[in-house]
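Report on the following structure.
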Amino acid sequence: MNRLIEKERSRLGAAGFWPKTRRDWLQAVASGALVLGGVFMAVLTALARRWGEPEMARLAAIASLIFVALIIIFVIPPLFRSARAEIALFDLPVRIGAGGWLFLALLAVVTLAAANTGNNLLFLIFSTLVSTLFVALAAGRMALRELQVQARFPDHLFAGESAPALVAVQNSKRVWPSISILVEARAVFDGKMHNRALGYFVYVPARSRVEQRIEHRFDRRGRWKVIGFDLSTRFPFGFFRLRRRLHARDVEIIIYPKPEPIGDELHLLPMALGQSETARRGTGHDLYSLRDYQPHDSLRHVDWKATARARRLIVREFTAEEERRVHVLFDTMRHEEGNDWSQRFERGVILAASLVAHFVAERMEVRLSLGEETGEYGRGRDHMYACLRRLALVQTPERVLTAVASARFWEVLVPPEKDDEEYLILLTSAPHGSIPTYVWRRSHVIHI
């Protein structure tokens, strides 16, 4: 339905009514010609009968039937699609299904037949159909009344990975249960409104709460801004889908890019980092000294043999390893044209997320920079999730970087002065040969 609405909006043009393209103008002119031709033939048929020309009346009647057939084939379907799209734009709380249209058509036929013939049996059937219509609308509205919805998602969600969500519906009615309730979330993603189904509840008893644990999958990274919920039901006959809209406070759901196992060649990058020892206390592996136990020391470092000989607690101190620091720099600029730019950019996002997750798992101090936006060094899972959040929200650039701006960009991105305290990994879409020499000397370059 959303694709149909967008298609009709683009077809109708900015004014919403006048055709926009040449093809639309030709279609409008042809449709108008068919309608005028059919009307003209119908008038000619009536005039020919009045003039006493049976042959002319017969030919005009045949021609008018041909025009009617052409109108049914070429004019009615586009008008029906346009009317359906325009009705959808009003966002009515009632949607009519195939069974509902059939029911309304039957009601219209019975109404016309009863009015024309005055048959009591037809009036009885008409009353039954109207009663059924009233029951369908009233029962559906009753099922949607006094319902509250709660939805809880995990704190960390990854694109392409199923995650459990807890959806609960509270029925505050005292007597009437709610039957066949579909819960959907209204969310804004990538500047567009989306309705995402959360769960289907067959039966919610009165004055009770029903919960469902449902697996959800988000295919793309980014920010989902949930602004409310839609409750709908087809109860009791399935003719209509009635909807009730609930508003909620704006809640953001951040979908992280999913890290992937990195290649064998990247596993060798941190091998040379942090292997030299210093003559200072730290958390290395070689023994530095023995000393008396202090309250803040860990019992894992107690030397029990020395403790037994000295008859007091003795702990071991170890040499400290040099700080292992890695700087992952993701070049977010667009350096050249290409139809596959979006796919390359997304691959770069996933690779940056994979590198951050890998080095955090290696207990290294990691910094993530996105273009000219420099991050801070950090360790642990909290720092990893903060980096993944930044990667989830990074935007794809549209404009290509010019040659003059590119030279300045490299100087800002990688300053010429050398920093020996970090290992720099540069992810870039710049073509080979366009990266300055000092950048190559300072960093490990990965082209995306």
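Every chain in the structure tokens has a letter given in the order shown (A, B, ...), and although residue numbers restart at 1 in each chain, ligands are simply numbered from 1 in the order shown.
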
Discussion item. Please extract the residues of stretch 136-290 of chain A with a backbone DSSP assignment of helix (DSSP H, G or I) and present them as an MDAnalysis selection string.
Written reply: chainID A and resid 136:144 264:267 269:272

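Nearest-residue note for A:Ile314: choosing from A:Pro436, A:Gly140, A:Pro295, A:Pro77, the minimum distance belongs to A:Pro295, counting only C-alpha atoms.
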
Fill in: Spatial neighbours of stretch 326-339 of chain A, max dist 6 Å, only C-alpha atoms, sep filter under 2 positions, as number ranges by chain
A: 341, 366-371, 400-401, 422-428, 430

Practice prompt. Report the residues of stretch 80-325 of chain A whose backbone DSSP state falls under strand (DSSP E), written as a ChimeraX atom specification.
Written response: /A:94-96,147-152,157-158,162-171,178-189,192-204,208-217,222-233,240-256,277-292,314-321,325

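With only C-alpha atoms as the atoms that count, the residue of A:Ala159, A:Leu26, A:Asn116, A:Arg245 with the shortest distance to A:Leu92 is A:Arg245.
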
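Take atom CA of A:Ala165 and atom CA of A:Arg213: the distance between them is 5.7 Å.
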
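Of the residues under consideration (A:Pro236, A:Gly160, A:Gly32, A:Pro205), A:Pro205 shows the shortest atom-to-atom contact distance to A:Lys173 when counting only C-alpha atoms.
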
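Residue nearest A:Arg141 within the list A:Leu231, A:Leu124, A:Ala48, A:Val204: A:Leu231 [criterion: smallest interatomic distance, only C-alpha atoms].
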
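Residues within 12 Å of stretch 111-114 of chain A, counting only C-alpha atoms and excluding same-chain residues fewer than 4 positions away, are A:Leu104, A:Ala105, A:Leu106, A:Leu107, A:Gly118, A:Asn119, A:Asn120, A:Leu121, A:Leu122, A:Phe123, A:Leu124, A:Ile125, A:Phe126, A:Ser127, A:Thr128, A:Leu129, A:Val130.
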
Discussion item. Quick one: residues within 8 Å of A:Lys258, only C-alpha atoms, excluding same-chain residues fewer than 3 positions away - as a PyMOL selection string?
Written reply: chain A and resi 158-161+350+353-354

Worksheet item: Can you list, as an MDAnalysis selection string, every protein, DNA or RNA residue that comes within 10 Å of A:Tyr385 when you count only C-alpha atoms, leaving out same-chain residues fewer than 6 positions away?
Response: chainID A and resid 156 256 353 356:357 391

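With only C-alpha atoms as the atoms that count, the residue of A:Ile179, A:Met364, A:Val210, A:Leu133 with the shortest distance to A:Gly100 is A:Leu133.
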
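The coordinates place atom CA of A:Arg145 at 11.0 Å from atom CA of A:Leu246.
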
Worksheet item: Quick one: residues within 10 Å of A:Leu182, only C-alpha atoms counted, chain neighbours fewer than 2 positions away excluded, as a PyMOL selection string?
Response: chain A and resi 179-180+184+197-202+230-234+243

Okay, now the selection with N, CA and C atoms, as a CSV table (one decimal), in the first residue's frame?
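What landed in again-v2.csv:
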```
chain,number,residue,atom,x,y,z
A,179,ILE,N,-10.4,-9.6,21.1
A,179,ILE,CA,-10.1,-10.8,20.3
A,179,ILE,C,-9.5,-10.4,19.0
A,180,SER,N,-8.5,-11.1,18.6
A,180,SER,CA,-7.8,-10.9,17.3
A,180,SER,C,-7.2,-9.5,17.2
A,184,GLU,N,1.0,-3.1,16.0
A,184,GLU,CA,2.1,-2.6,15.1
A,184,GLU,C,2.7,-1.3,15.7
A,197,ALA,N,5.0,-4.7,12.3
A,197,ALA,CA,4.2,-5.6,13.1
A,197,ALA,C,5.0,-6.1,14.3
A,198,LEU,N,4.4,-6.0,15.5
A,198,LEU,CA,5.1,-6.5,16.7
A,198,LEU,C,4.6,-7.8,17.2
A,199,GLY,N,3.3,-8.0,17.1
A,199,GLY,CA,2.7,-9.2,17.6
A,199,GLY,C,1.2,-9.4,17.4
A,200,TYR,N,0.7,-10.6,17.4
A,200,TYR,CA,-0.7,-10.9,17.2
A,200,TYR,C,-1.2,-11.6,18.4
A,201,PHE,N,-2.3,-11.0,19.0
A,201,PHE,CA,-2.9,-11.6,20.2
A,201,PHE,C,-4.3,-12.1,19.9
A,202,VAL,N,-4.4,-13.4,20.0
A,202,VAL,CA,-5.7,-14.0,19.7
A,202,VAL,C,-6.8,-13.7,20.7
A,230,ASP,N,-0.2,1.1,16.6
A,230,ASP,CA,-1.5,0.9,15.9
A,230,ASP,C,-2.0,-0.5,16.4
A,231,LEU,N,-3.3,-0.4,16.9
A,231,LEU,CA,-4.0,-1.6,17.2
A,231,LEU,C,-5.1,-1.8,16.2
A,232,SER,N,-5.1,-3.0,15.6
A,232,SER,CA,-6.1,-3.3,14.6
A,232,SER,C,-6.7,-4.7,14.8
A,233,THR,N,-8.0,-4.9,14.3
A,233,THR,CA,-8.6,-6.1,14.4
A,233,THR,C,-9.6,-6.3,13.2
A,234,ARG,N,-9.7,-7.6,12.9
A,234,ARG,CA,-10.7,-8.0,11.8
A,234,ARG,C,-11.9,-8.7,12.5
A,243,ARG,N,-9.0,0.1,13.2
A,243,ARG,CA,-7.7,0.5,13.8
A,243,ARG,C,-7.9,1.5,14.8
```

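Using only C-alpha atoms, the smallest distance between any of A:Arg316, A:Arg389, A:Arg309, A:Lys225 and A:Pro257 comes from A:Arg389.
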
Item to complete: May I ask for the distance between atom CA of A:Met193 and atom CA of A:Phe80, given in Å to one decimal place?
Response: 24.4 Å
